[in-house]
file coords_21.cif (mmCIF, C-alpha atoms)
data_structure
#
loop_
_atom_site.label_atom_id
_atom_site.label_comp_id
_atom_site.auth_asym_id
_atom_site.auth_seq_id
_atom_site.Cartn_x
_atom_site.Cartn_y
_atom_site.Cartn_z
CA MET C 1 183.01 253.98 60.89
CA LEU C 2 186.45 253.70 62.44
CA ALA C 3 187.09 251.07 65.09
CA ILE C 4 189.89 249.85 67.32
CA LYS C 5 190.61 246.17 66.69
CA VAL C 6 192.06 244.17 69.58
CA LEU C 7 192.39 240.51 70.55
CA ALA C 8 189.45 239.28 72.63
CA GLY C 9 191.72 238.46 75.57
CA ARG C 10 192.75 242.11 75.79
CA ALA C 11 189.29 243.54 75.19
CA GLU C 12 188.48 244.50 78.79
CA ARG C 13 191.80 246.29 79.18
CA ALA C 14 191.21 248.08 75.86
CA ARG C 15 187.65 249.06 76.82
CA ARG C 16 188.85 250.63 80.06
CA TYR C 17 191.57 252.55 78.25
CA LEU C 18 189.18 253.85 75.57
CA LYS C 19 186.57 254.80 78.16
CA LYS C 20 189.14 256.60 80.33
CA HIS C 21 190.31 258.63 77.33
CA ALA C 22 186.74 259.34 76.09
CA MET C 23 187.33 257.61 72.76
CA LEU C 24 184.40 255.19 72.64
CA ASP C 25 181.35 255.86 70.49
CA ALA C 26 178.69 254.99 73.07
CA LYS C 27 175.92 254.94 70.47
CA HIS C 28 177.14 251.73 68.89
CA ILE C 29 177.83 248.30 70.33
CA PRO C 30 181.30 246.69 70.00
CA ILE C 31 181.31 243.66 67.74
CA ALA C 32 183.14 240.34 67.95
CA ARG C 33 184.61 238.62 64.91
CA ASN C 34 186.84 235.57 65.03
CA LYS C 35 189.34 236.24 67.84
CA PHE C 36 188.96 240.02 67.79
CA ILE C 37 186.75 242.70 69.35
CA TYR C 38 186.08 245.92 67.42
CA PHE C 39 185.36 249.04 69.47
CA PRO C 40 183.63 251.87 67.57
CA ILE C 41 185.30 255.28 67.86
CA GLY C 42 183.18 257.19 65.33
CA ALA C 43 183.65 258.67 61.89
CA ALA C 44 184.35 262.09 63.39
CA LYS C 45 187.69 260.83 64.71
CA ARG C 46 188.99 259.71 61.33
CA GLY C 47 192.11 261.86 61.56
CA PHE C 48 193.44 260.59 64.87
CA ALA C 49 196.58 258.49 65.41
CA LEU C 50 196.54 255.27 67.41
CA PRO C 51 197.67 256.12 70.99
CA SER C 52 200.81 254.45 72.29
CA GLY C 53 198.77 252.87 75.09
CA MET C 54 196.69 251.03 72.49
CA LYS C 55 199.74 250.05 70.43
CA ALA C 56 201.14 248.38 73.54
CA MET C 57 198.05 246.11 73.54
CA GLY C 58 198.64 245.13 69.91
CA ALA C 59 195.61 247.13 68.77
CA GLU C 60 194.99 248.30 65.21
CA ILE C 61 192.74 250.82 63.44
CA ALA C 62 190.03 249.24 61.30
CA ASP C 63 187.04 250.33 59.24
CA GLU C 64 183.95 248.43 60.36
CA LYS C 65 180.20 248.60 59.83
CA PHE C 66 178.26 248.85 63.08
CA ASP C 67 174.54 248.18 63.07
CA VAL C 68 172.79 251.40 64.08
CA SER C 69 169.69 249.39 64.98
CA GLY C 70 171.81 247.82 67.69
CA SER C 71 172.66 251.18 69.18
CA LYS C 72 173.31 250.85 72.85
CA PRO C 73 171.61 253.18 75.36
CA SER C 74 173.87 254.86 77.86
CA TYR C 75 173.76 254.28 81.60
CA ARG C 76 172.14 257.69 82.03
CA ASP C 77 169.55 256.85 79.36
CA MET C 78 168.62 253.71 81.27
CA LEU C 79 168.48 255.64 84.56
CA ARG C 80 166.09 258.15 83.02
CA LYS C 81 163.93 255.25 81.91
CA GLU C 82 163.93 253.66 85.37
CA LEU C 83 163.87 256.76 87.58
CA GLY C 84 162.59 259.55 85.40
CA GLY C 85 164.44 262.80 84.81
CA ASP C 86 165.55 263.33 88.42
CA TYR C 87 168.15 260.73 89.30
CA GLY C 88 170.53 262.95 91.28
CA ASN C 89 173.63 261.25 92.67
CA VAL C 90 172.63 257.68 91.87
CA ALA C 91 174.47 257.99 88.54
CA ARG C 92 177.84 257.88 90.27
CA GLY C 93 178.87 254.92 88.19
CA TYR C 94 179.37 251.24 88.87
CA GLU C 95 181.98 248.53 88.47
CA VAL C 96 181.55 245.35 86.49
CA LEU C 97 183.55 242.34 87.66
CA GLY C 98 182.63 239.80 85.01
CA ASN C 99 179.23 238.39 85.94
CA ILE C 100 178.76 240.78 88.90
CA ALA C 101 178.09 244.51 88.87
CA ILE C 102 178.65 246.59 91.99
CA ILE C 103 176.71 249.82 92.39
CA GLU C 104 176.64 252.76 94.77
CA ALA C 105 173.02 253.81 95.32
CA GLU C 106 170.52 254.63 98.00
CA PRO C 107 168.81 251.41 99.16
CA ARG C 108 165.35 252.62 98.09
CA LEU C 109 166.58 253.21 94.52
CA ALA C 110 169.04 250.33 94.23
CA ARG C 111 166.77 247.90 92.41
CA LYS C 112 165.93 250.43 89.69
CA VAL C 113 169.60 251.32 89.32
CA ALA C 114 170.36 247.60 89.03
CA HIS C 115 167.86 247.27 86.18
CA ALA C 116 169.60 250.16 84.41
CA VAL C 117 172.98 248.47 84.79
CA MET C 118 171.72 245.09 83.61
CA GLY C 119 169.99 246.79 80.69
CA ILE C 120 173.30 247.78 79.14
CA ASN C 121 175.50 244.88 80.34
CA SER C 122 174.24 241.55 79.03
CA ASN C 123 177.00 239.62 80.81
CA VAL C 124 175.96 240.87 84.23
CA LYS C 125 173.88 238.26 86.05
CA THR C 126 174.08 239.71 89.58
CA VAL C 127 173.96 243.23 90.98
CA LEU C 128 175.27 244.03 94.45
CA ARG C 129 175.24 247.30 96.36
CA LYS C 130 178.11 248.61 98.48
CA SER C 131 176.83 248.60 102.04
CA GLY C 132 180.02 249.52 103.86
CA ALA C 133 183.49 250.93 103.39
CA VAL C 134 186.64 248.91 102.75
CA SER C 135 187.89 248.10 106.24
CA GLY C 136 189.75 245.68 108.46
CA ARG C 137 193.05 243.90 108.18
CA TYR C 138 192.09 242.29 104.89
CA ARG C 139 190.55 245.41 103.26
CA VAL C 140 187.20 243.77 102.55
CA ARG C 141 183.81 245.38 102.06
CA ARG C 142 180.21 244.45 102.84
CA TYR C 143 177.74 244.09 99.99
CA ALA C 144 173.96 243.82 99.81
CA TYR C 145 172.23 241.70 97.17
CA VAL C 146 170.06 243.78 94.84
CA ALA C 147 169.01 241.91 91.69
CA GLY C 148 169.60 238.93 89.42
CA LYS C 149 171.08 235.66 90.60
CA ARG C 150 171.97 235.68 94.29
CA ASN C 151 175.69 235.14 93.95
CA TYR C 152 178.87 236.66 95.36
CA VAL C 153 181.54 234.82 93.36
CA ALA C 154 182.87 236.89 90.47
CA GLU C 155 184.20 235.26 87.32
CA TYR C 156 186.32 237.97 85.78
CA ARG C 157 188.57 238.10 82.70
CA GLU C 158 191.42 240.55 82.35
CA ASN C 159 194.47 240.79 80.10
CA GLY C 160 194.13 237.15 79.10
CA ALA C 161 193.71 235.87 82.67
CA VAL C 162 190.64 234.32 84.32
CA LEU C 163 190.05 235.22 87.96
CA ARG C 164 187.45 233.76 90.33
CA PHE C 165 186.86 235.17 93.82
CA ASP C 166 184.22 235.94 96.45
CA VAL C 167 183.84 239.73 96.53
CA ARG C 168 182.84 239.64 100.24
CA LYS C 169 185.95 237.81 101.39
CA THR C 170 188.74 239.29 99.28
CA PHE C 171 189.90 242.68 98.03
CA PHE C 172 189.90 243.21 94.28
CA SER C 173 189.78 246.32 92.10
CA GLY C 174 189.18 246.24 88.37
CA LYS C 175 190.53 249.80 88.27
CA LEU C 176 194.06 248.40 88.36
CA SER C 177 193.60 246.44 85.13
CA TYR C 178 195.87 248.74 83.13
CA GLU C 179 198.55 248.62 85.82
CA ARG C 180 198.54 244.84 85.93
CA GLY C 181 198.91 244.65 82.17
CA ARG C 182 201.63 247.29 82.21
CA ILE C 183 203.71 245.56 84.88
CA ALA C 184 203.28 242.18 83.18
CA GLY C 185 204.65 243.67 79.97
CA LEU C 186 207.80 244.91 81.72
CA SER C 187 208.96 241.51 82.93
CA LYS C 188 211.47 239.91 80.57
CA GLY C 189 213.57 236.78 80.65
CA ARG C 190 214.43 234.59 83.60
CA GLU C 191 213.85 237.04 86.41
CA ASN C 192 212.66 236.40 89.95
CA VAL C 193 209.57 238.39 90.84
CA MET C 194 207.96 238.93 94.22
CA VAL C 195 204.39 240.21 94.46
CA MET C 196 203.62 241.42 97.97
CA PHE C 197 199.96 241.67 99.06
CA ALA C 198 199.06 239.43 96.10
CA GLY C 199 195.32 239.12 96.79
CA VAL C 200 193.61 236.60 94.51
CA GLY C 201 196.64 236.65 92.21
CA PRO C 202 196.02 239.15 89.37
CA PHE C 203 199.45 240.83 89.29
CA ALA C 204 201.31 237.53 89.75
CA ILE C 205 199.26 235.47 87.30
CA GLU C 206 199.16 238.04 84.51
CA LEU C 207 202.91 238.56 84.76
CA ALA C 208 203.58 234.82 84.86
CA LYS C 209 201.39 234.19 81.82
CA ARG C 210 203.11 236.97 79.86
CA ASN C 211 206.60 235.86 80.88
CA GLY C 212 206.72 232.10 81.19
CA SER C 213 210.41 232.25 82.17
CA ALA C 214 209.75 234.27 85.32
CA ASP C 215 209.76 232.67 88.76
CA VAL C 216 207.02 234.42 90.75
CA ILE C 217 206.45 234.36 94.51
CA ALA C 218 203.03 235.77 95.49
CA ILE C 219 202.48 236.48 99.20
CA GLU C 220 199.02 237.10 100.68
CA LEU C 221 197.93 237.41 104.30
CA ASN C 222 194.19 236.79 103.87
CA ARG C 223 193.64 233.02 103.86
CA GLN C 224 190.43 233.35 101.81
CA ALA C 225 192.25 235.34 99.12
CA TYR C 226 195.14 232.87 99.24
CA ARG C 227 192.77 229.97 98.57
CA ALA C 228 191.23 231.88 95.65
CA MET C 229 194.74 232.55 94.32
CA LEU C 230 195.55 228.84 94.38
CA GLU C 231 192.40 228.18 92.35
CA ASN C 232 193.24 230.98 89.92
CA ILE C 233 196.78 229.70 89.42
CA GLU C 234 195.29 226.36 88.42
CA LEU C 235 192.62 227.96 86.21
CA ASN C 236 195.28 229.87 84.31
CA LYS C 237 197.85 227.06 84.25
CA ALA C 238 200.34 229.52 85.76
CA GLY C 239 202.71 226.92 87.12
CA ASN C 240 205.52 229.45 87.55
CA VAL C 241 203.62 231.19 90.38
CA THR C 242 204.14 230.00 93.94
CA ALA C 243 201.40 231.23 96.28
CA VAL C 244 202.41 231.80 99.90
CA CYS C 245 200.03 232.57 102.76
CA GLY C 246 201.43 234.81 105.46
CA ASP C 247 202.73 238.20 106.55
CA VAL C 248 205.34 239.72 104.21
CA LYS C 249 207.30 241.14 107.17
CA LYS C 250 207.55 237.73 108.82
CA LEU C 251 208.38 235.90 105.57
CA ALA C 252 210.89 238.34 104.09
CA ASN C 253 213.91 236.66 105.64
CA LYS C 254 212.94 233.39 103.93
CA TYR C 255 213.33 235.11 100.54
CA LYS C 256 216.50 237.05 101.31
CA GLY C 257 218.14 238.23 98.09
CA PHE C 258 215.52 236.57 95.89
CA ALA C 259 213.95 239.29 93.77
CA ASP C 260 214.94 241.03 90.56
CA ARG C 261 211.54 242.76 90.63
CA ILE C 262 209.12 243.53 93.47
CA VAL C 263 205.49 244.64 93.10
CA MET C 264 203.87 246.45 96.06
CA PRO C 265 200.15 247.07 95.30
CA LEU C 266 199.14 248.19 98.81
CA PRO C 267 198.92 251.98 98.51
CA LYS C 268 197.81 252.62 102.09
CA ASP C 269 200.69 250.95 103.95
CA SER C 270 203.48 250.25 101.44
CA ARG C 271 206.00 252.48 103.20
CA SER C 272 206.01 250.26 106.27
CA PHE C 273 207.23 247.36 104.11
CA LEU C 274 210.36 249.01 102.68
CA ASP C 275 212.63 247.08 105.06
CA SER C 276 211.12 243.90 103.61
CA VAL C 277 212.01 245.17 100.13
CA ILE C 278 215.65 245.46 101.15
CA MET C 279 215.57 241.98 102.64
CA CYS C 280 214.04 240.36 99.53
CA ALA C 281 215.85 242.34 96.82
CA LYS C 282 218.94 241.20 94.97
CA ARG C 283 221.92 243.55 94.84
CA GLU C 284 219.99 245.39 92.11
CA CYS C 285 216.21 245.34 91.97
CA THR C 286 213.29 247.08 90.23
CA VAL C 287 210.36 248.01 92.48
CA HIS C 288 206.81 249.07 91.62
CA TYR C 289 205.58 251.07 94.62
CA TYR C 290 201.93 252.17 94.96
CA ALA C 291 200.94 254.94 97.37
CA PHE C 292 198.17 257.38 98.23
CA VAL C 293 199.50 260.93 98.22
CA PRO C 294 198.08 264.47 98.34
CA SER C 295 197.22 265.62 94.84
CA ASP C 296 199.14 268.85 95.44
CA GLY C 297 202.86 268.14 95.83
CA GLY C 298 202.45 264.62 97.20
CA THR C 299 204.25 262.83 94.37
CA GLU C 300 207.48 264.78 94.75
CA LYS C 301 207.40 264.34 98.52
CA CYS C 302 206.89 260.57 98.14
CA ILE C 303 209.89 260.25 95.82
CA ASN C 304 212.09 262.28 98.16
CA GLU C 305 211.05 260.06 101.08
CA LEU C 306 211.90 256.92 99.09
CA ARG C 307 215.25 258.33 98.05
CA GLY C 308 216.04 259.28 101.65
CA PHE C 309 215.05 255.88 103.00
CA PHE C 310 217.18 253.85 100.60
CA SER C 311 220.12 256.24 100.80
CA GLY C 312 220.08 255.76 104.55
CA LYS C 313 220.24 251.99 104.06
CA GLY C 314 223.26 252.15 101.74
CA TYR C 315 221.42 251.92 98.41
CA SER C 316 221.35 254.13 95.36
CA PHE C 317 217.85 255.08 94.21
CA LYS C 318 216.63 256.02 90.74
CA ALA C 319 213.01 256.75 89.83
CA ILE C 320 212.46 255.33 86.34
CA GLY C 321 208.73 255.95 86.01
CA ILE C 322 205.99 257.89 87.81
CA ARG C 323 202.31 257.61 87.02
CA THR C 324 199.02 258.76 88.51
CA VAL C 325 196.92 255.60 88.74
CA ARG C 326 193.59 257.18 89.69
CA PRO C 327 191.92 259.88 91.78
CA TYR C 328 191.13 258.53 95.24
CA ALA C 329 189.49 261.42 97.10
CA HIS C 330 188.94 265.10 96.41
CA ASP C 331 192.50 265.93 97.49
CA THR C 332 194.19 262.50 97.22
CA ILE C 333 195.49 260.44 94.31
CA GLU C 334 196.98 256.98 93.96
CA ILE C 335 200.36 256.94 92.26
CA VAL C 336 202.86 254.29 91.23
CA VAL C 337 206.58 254.92 91.34
CA ASP C 338 208.74 252.53 89.37
CA PHE C 339 212.25 252.74 90.77
CA ARG C 340 215.51 250.88 90.75
CA ILE C 341 217.74 250.33 93.77
CA ALA C 342 221.31 249.07 93.90
CA ARG C 343 223.38 248.24 96.94
CA ASN C 344 226.36 250.55 97.20
CA ALA C 345 229.79 248.94 97.06
CA VAL C 346 231.57 248.68 100.41
CA ARG C 347 234.86 250.60 100.40
#

call {"tool": "encode", "arguments": {"input": "coords_21.cif", "output": "structure tokens"}}
result
Amino acid sequence: MLAIKVLAGRAERARRYLKKHAMLDAKHIPIARNKFIYFPIGAAKRGFALPSGMKAMGAEIADEKFDVSGSKPSYRDMLRKELGGDYGNVARGYEVLGNIAIIEAEPRLARKVAHAVMGINSNVKTVLRKSGAVSGRYRVRRYAYVAGKRNYVAEYRENGAVLRFDVRKTFFSGKLSYERGRIAGLSKGRENVMVMFAGVGPFAIELAKRNGSADVIAIELNRQAYRAMLENIELNKAGNVTAVCGDVKKLANKYKGFADRIVMPLPKDSRSFLDSVIMCAKRECTVHYYAFVPSDGGTEKCINELRGFFSGKGYSFKAIGIRTVRPYAHDTIEIVVDFRIARNAVR
């Protein structure tokens, strides 16, 4: 059976990529050997070429023997076992953050759904249920304990980084794993990087670990997230990251002309921080701008707005990459625009 071979430190990123592109053979369990994880993709796919997204992770194609007796039941199989044939909307999926799984389910069914999740995820020790929407200044969510060890501190590994954080007190999304790895891979040489809205540090730490020559400033408003970021910097020995607690708009002047690269992972309000980008950017600067936009025509409108803003401030603007990150609502998507700005010469 064919498999994708990838270093263990990149396994979670690889798993998400393979799942997103429907390449995993769900009937067989991935296997670990030495420093590598092998993901089964099935004999039926023997003619396929390794996608560029996997090549970027250093993945390879390998022939491996997977034990059929260890076949892994699917989430839906486990739900049928726990709930019977009628499980309706409770199979909306779940998110695993290391030792914690987060589900969306009706309270009366949550415990059975939790058993289904734990039945196919041996690393999950705690299951929590979303009990409120993301809200407030710090974009946090309420959770209800469902099963396993009563714990709210996630220990999560991603792209070679270890992250520890309290899910109730900080915002974190595993859905941005690919983006964090992608941005980290773009940073080269001795460049100054600013990560706005840095949270518990994933963008900053992964970039700093990949590019040890970078000087990274990571700014976060939420003091709880800032404290977790300090711990994560130490856990990852990312000494080239400086964590700063405060409001980007109030701190921008302190970092005037600092950045060769700016990361803006706050899709809801990024536009209101574009003046801070101009303040912090060097004469030329690469920016990674995340935004929620209408799925119909929203991307083009967003780019035109960015071009208009920077042109009005005396900067040239060039979009160098545009990507849909994920669906957000039935008519809304999250996008990332990679663009480069340069201050126009004064005549």

call {"tool": "closest_residue", "arguments": {"input": "coords_21.cif", "among": "C:Ile183, C:Lys209, C:Thr324, C:Leu18", "to": "C:Met264", "atoms": "all atoms listed in the file"}}
result
C:Ile183

call {"tool": "closest_atom_pairs", "arguments": {"input": "coords_21.cif", "of": "stretch 178-286 of chain C", "to": "stretch 137-150 of chain C", "cutoff": "12 Å", "atoms": "only C-alpha atoms", "output": "Markdown table"}}
result
| residue | atom | partner | partner_atom | distance |
| --- | --- | --- | --- | --- |
| C:Phe197 | CA | C:Tyr138 | CA | 9.8 |
| C:Ala198 | CA | C:Tyr138 | CA | 11.6 |
| C:Gly199 | CA | C:Tyr138 | CA | 9.3 |
| C:Val200 | CA | C:Tyr138 | CA | 11.9 |
| C:Glu220 | CA | C:Tyr138 | CA | 9.6 |
| C:Leu221 | CA | C:Tyr138 | CA | 7.6 |
| C:Asn222 | CA | C:Tyr138 | CA | 6.0 |
| C:Arg223 | CA | C:Tyr138 | CA | 9.5 |
| C:Gln224 | CA | C:Tyr138 | CA | 9.6 |
| C:Ala225 | CA | C:Tyr138 | CA | 9.0 |
| C:Tyr226 | CA | C:Tyr138 | CA | 11.4 |
| C:Gly246 | CA | C:Tyr138 | CA | 12.0 |
| C:Asp247 | CA | C:Arg137 | CA | 11.4 |
| C:Leu266 | CA | C:Arg139 | CA | 10.1 |
| C:Pro267 | CA | C:Arg139 | CA | 11.7 |
| C:Lys268 | CA | C:Arg139 | CA | 10.3 |
| C:Asp269 | CA | C:Arg137 | CA | 11.2 |

call {"tool": "closest_residue", "arguments": {"input": "coords_21.cif", "among": "C:Arg15, C:His28, C:Arg340, C:Arg190", "to": "C:Ser74", "atoms": "only C-alpha atoms"}}
result
C:His28

call {"tool": "atom_distance", "arguments": {"input": "coords_21.cif", "atom1": "atom CA of C:Asn253", "atom2": "atom CA of C:Glu305"}}
result
24.0 Å

call {"tool": "residues_around", "arguments": {"input": "coords_21.cif", "residues": "C:Tyr315", "least_positions_apart": "4", "cutoff": "8 Å", "atoms": "all atoms listed in the file", "output": "PyMOL selection string"}}
result
chain C and resi 310-311+341-344

call {"tool": "write_last_selection", "arguments": {"input": "coords_21.cif", "atoms": "C-alpha atoms", "output": "mmCIF file, keeping the file's coordinate frame"}}
result
data_model
loop_
_atom_site.group_PDB
_atom_site.id
_atom_site.type_symbol
_atom_site.label_atom_id
_atom_site.label_comp_id
_atom_site.auth_asym_id
_atom_site.auth_seq_id
_atom_site.Cartn_x
_atom_site.Cartn_y
_atom_site.Cartn_z
ATOM 1 C CA PHE C 310 217.180 253.850 100.600
ATOM 2 C CA SER C 311 220.120 256.240 100.800
ATOM 3 C CA ILE C 341 217.740 250.330 93.770
ATOM 4 C CA ALA C 342 221.310 249.070 93.900
ATOM 5 C CA ARG C 343 223.380 248.240 96.940
ATOM 6 C CA ASN C 344 226.360 250.550 97.200
#

call {"tool": "atom_distance", "arguments": {"input": "coords_21.cif", "atom1": "atom CA of C:Phe165", "atom2": "atom CA of C:Ala228"}}
result
5.8 Å

call {"tool": "resolve_selection", "arguments": {"input": "coords_21.cif", "expression": "the PyMOL selection byres ((chain C and resi 286) around 8)", "output": "PDB file with C-alpha atoms, in the frame of the given file"}}
result
ATOM      1  CA  ASP C 260     214.940 241.030  90.560  1.00  0.00           C
ATOM      2  CA  ARG C 261     211.540 242.760  90.630  1.00  0.00           C
ATOM      3  CA  ILE C 262     209.120 243.530  93.470  1.00  0.00           C
ATOM      4  CA  GLU C 284     219.990 245.390  92.110  1.00  0.00           C
ATOM      5  CA  CYS C 285     216.210 245.340  91.970  1.00  0.00           C
ATOM      6  CA  VAL C 287     210.360 248.010  92.480  1.00  0.00           C
ATOM      7  CA  HIS C 288     206.810 249.070  91.620  1.00  0.00           C
ATOM      8  CA  ASP C 338     208.740 252.530  89.370  1.00  0.00           C
ATOM      9  CA  PHE C 339     212.250 252.740  90.770  1.00  0.00           C
ATOM     10  CA  ARG C 340     215.510 250.880  90.750  1.00  0.00           C
ATOM     11  CA  ILE C 341     217.740 250.330  93.770  1.00  0.00           C
TER      12      ILE C 341
END

call {"tool": "residues_near_point", "arguments": {"input": "coords_21.cif", "point": "(192.9, 238.8, 69.5)", "cutoff": "8 Å", "atoms": "all atoms listed in the file", "output": "list in words"}}
result
Val6, Leu7, Ala8, Gly9, Arg10, Lys35, Phe36 and Ile37 of chain C

call {"tool": "write_last_selection", "arguments": {"input": "coords_21.cif", "atoms": "C-alpha atoms", "output": "tab-separated table (two decimals), keeping the file's coordinate frame"}}
result
chain	number	residue	atom	x	y	z
C	6	VAL	CA	192.06	244.17	69.58
C	7	LEU	CA	192.39	240.51	70.55
C	8	ALA	CA	189.45	239.28	72.63
C	9	GLY	CA	191.72	238.46	75.57
C	10	ARG	CA	192.75	242.11	75.79
C	35	LYS	CA	189.34	236.24	67.84
C	36	PHE	CA	188.96	240.02	67.79
C	37	ILE	CA	186.75	242.70	69.35

call {"tool": "residues_near_point", "arguments": {"input": "coords_21.cif", "point": "(203.3, 252.8, 89.5)", "cutoff": "12 Å", "atoms": "only C-alpha atoms", "output": "short mmCIF file (atom, residue, chain, number, x, y, z; two decimals) with C-alpha atoms, keeping the file's coordinate frame"}}
result
data_model
loop_
_atom_site.label_atom_id
_atom_site.label_comp_id
_atom_site.auth_asym_id
_atom_site.auth_seq_id
_atom_site.Cartn_x
_atom_site.Cartn_y
_atom_site.Cartn_z
CA LEU C 176 194.06 248.40 88.36
CA TYR C 178 195.87 248.74 83.13
CA GLU C 179 198.55 248.62 85.82
CA ARG C 180 198.54 244.84 85.93
CA GLY C 181 198.91 244.65 82.17
CA ARG C 182 201.63 247.29 82.21
CA ILE C 183 203.71 245.56 84.88
CA LEU C 186 207.80 244.91 81.72
CA ILE C 262 209.12 243.53 93.47
CA VAL C 263 205.49 244.64 93.10
CA MET C 264 203.87 246.45 96.06
CA PRO C 265 200.15 247.07 95.30
CA LEU C 266 199.14 248.19 98.81
CA PRO C 267 198.92 251.98 98.51
CA THR C 286 213.29 247.08 90.23
CA VAL C 287 210.36 248.01 92.48
CA HIS C 288 206.81 249.07 91.62
CA TYR C 289 205.58 251.07 94.62
CA TYR C 290 201.93 252.17 94.96
CA ALA C 291 200.94 254.94 97.37
CA PHE C 292 198.17 257.38 98.23
CA THR C 299 204.25 262.83 94.37
CA ILE C 303 209.89 260.25 95.82
CA ALA C 319 213.01 256.75 89.83
CA ILE C 320 212.46 255.33 86.34
CA GLY C 321 208.73 255.95 86.01
CA ILE C 322 205.99 257.89 87.81
CA ARG C 323 202.31 257.61 87.02
CA THR C 324 199.02 258.76 88.51
CA VAL C 325 196.92 255.60 88.74
CA ARG C 326 193.59 257.18 89.69
CA ILE C 333 195.49 260.44 94.31
CA GLU C 334 196.98 256.98 93.96
CA ILE C 335 200.36 256.94 92.26
CA VAL C 336 202.86 254.29 91.23
CA VAL C 337 206.58 254.92 91.34
CA ASP C 338 208.74 252.53 89.37
CA PHE C 339 212.25 252.74 90.77
#

call {"tool": "closest_residue", "arguments": {"input": "coords_21.cif", "among": "C:Gly185, C:Thr170, C:Ile31, C:Arg157", "to": "C:Gly53", "atoms": "all atoms listed in the file"}}
result
C:Gly185

call {"tool": "resolve_selection", "arguments": {"input": "coords_21.cif", "expression": "the PyMOL selection byres ((chain C and resi 110-126) around 6)", "output": "PDB file with C-alpha atoms, in the coordinates of the input"}}
result
ATOM      1  CA  MET C  78     168.620 253.710  81.270  1.00  0.00           C
ATOM      2  CA  LEU C  79     168.480 255.640  84.560  1.00  0.00           C
ATOM      3  CA  GLU C  82     163.930 253.660  85.370  1.00  0.00           C
ATOM      4  CA  ASN C  99     179.230 238.390  85.940  1.00  0.00           C
ATOM      5  CA  ILE C 100     178.760 240.780  88.900  1.00  0.00           C
ATOM      6  CA  ALA C 105     173.020 253.810  95.320  1.00  0.00           C
ATOM      7  CA  GLU C 106     170.520 254.630  98.000  1.00  0.00           C
ATOM      8  CA  PRO C 107     168.810 251.410  99.160  1.00  0.00           C
ATOM      9  CA  ARG C 108     165.350 252.620  98.090  1.00  0.00           C
ATOM     10  CA  LEU C 109     166.580 253.210  94.520  1.00  0.00           C
ATOM     11  CA  VAL C 127     173.960 243.230  90.980  1.00  0.00           C
ATOM     12  CA  VAL C 146     170.060 243.780  94.840  1.00  0.00           C
ATOM     13  CA  ALA C 147     169.010 241.910  91.690  1.00  0.00           C
ATOM     14  CA  GLY C 148     169.600 238.930  89.420  1.00  0.00           C
ATOM     15  CA  LYS C 149     171.080 235.660  90.600  1.00  0.00           C
TER      16      LYS C 149
END

call {"tool": "residues_around", "arguments": {"input": "coords_21.cif", "residues": "C:Ala252", "least_positions_apart": "5", "cutoff": "12 Å", "atoms": "all atoms listed in the file", "output": "ChimeraX atom specification"}}
result
/C:194-196,217-219,244,246-247,257-259,262,273-281

call {"tool": "write_last_selection", "arguments": {"input": "coords_21.cif", "atoms": "C-alpha atoms", "output": "CSV table (one decimal), in the frame of the given file"}}
result
chain,number,residue,atom,x,y,z
C,194,MET,CA,208.0,238.9,94.2
C,195,VAL,CA,204.4,240.2,94.5
C,196,MET,CA,203.6,241.4,98.0
C,217,ILE,CA,206.4,234.4,94.5
C,218,ALA,CA,203.0,235.8,95.5
C,219,ILE,CA,202.5,236.5,99.2
C,244,VAL,CA,202.4,231.8,99.9
C,246,GLY,CA,201.4,234.8,105.5
C,247,ASP,CA,202.7,238.2,106.6
C,257,GLY,CA,218.1,238.2,98.1
C,258,PHE,CA,215.5,236.6,95.9
C,259,ALA,CA,214.0,239.3,93.8
C,262,ILE,CA,209.1,243.5,93.5
C,273,PHE,CA,207.2,247.4,104.1
C,274,LEU,CA,210.4,249.0,102.7
C,275,ASP,CA,212.6,247.1,105.1
C,276,SER,CA,211.1,243.9,103.6
C,277,VAL,CA,212.0,245.2,100.1
C,278,ILE,CA,215.6,245.5,101.2
C,279,MET,CA,215.6,242.0,102.6
C,280,CYS,CA,214.0,240.4,99.5
C,281,ALA,CA,215.8,242.3,96.8

call {"tool": "atom_distance", "arguments": {"input": "coords_21.cif", "atom1": "atom CA of C:Leu251", "atom2": "atom CA of C:Leu163"}}
result
25.4 Å

call {"tool": "resolve_selection", "arguments": {"input": "coords_21.cif", "expression": "the PyMOL selection byres ((chain C and resi 62) around 9)", "output": "list of chain:residue names"}}
result
C:Met1, C:Leu2, C:Ala3, C:Ile4, C:Lys5, C:Tyr38, C:Glu60, C:Ile61, C:Asp63, C:Glu64
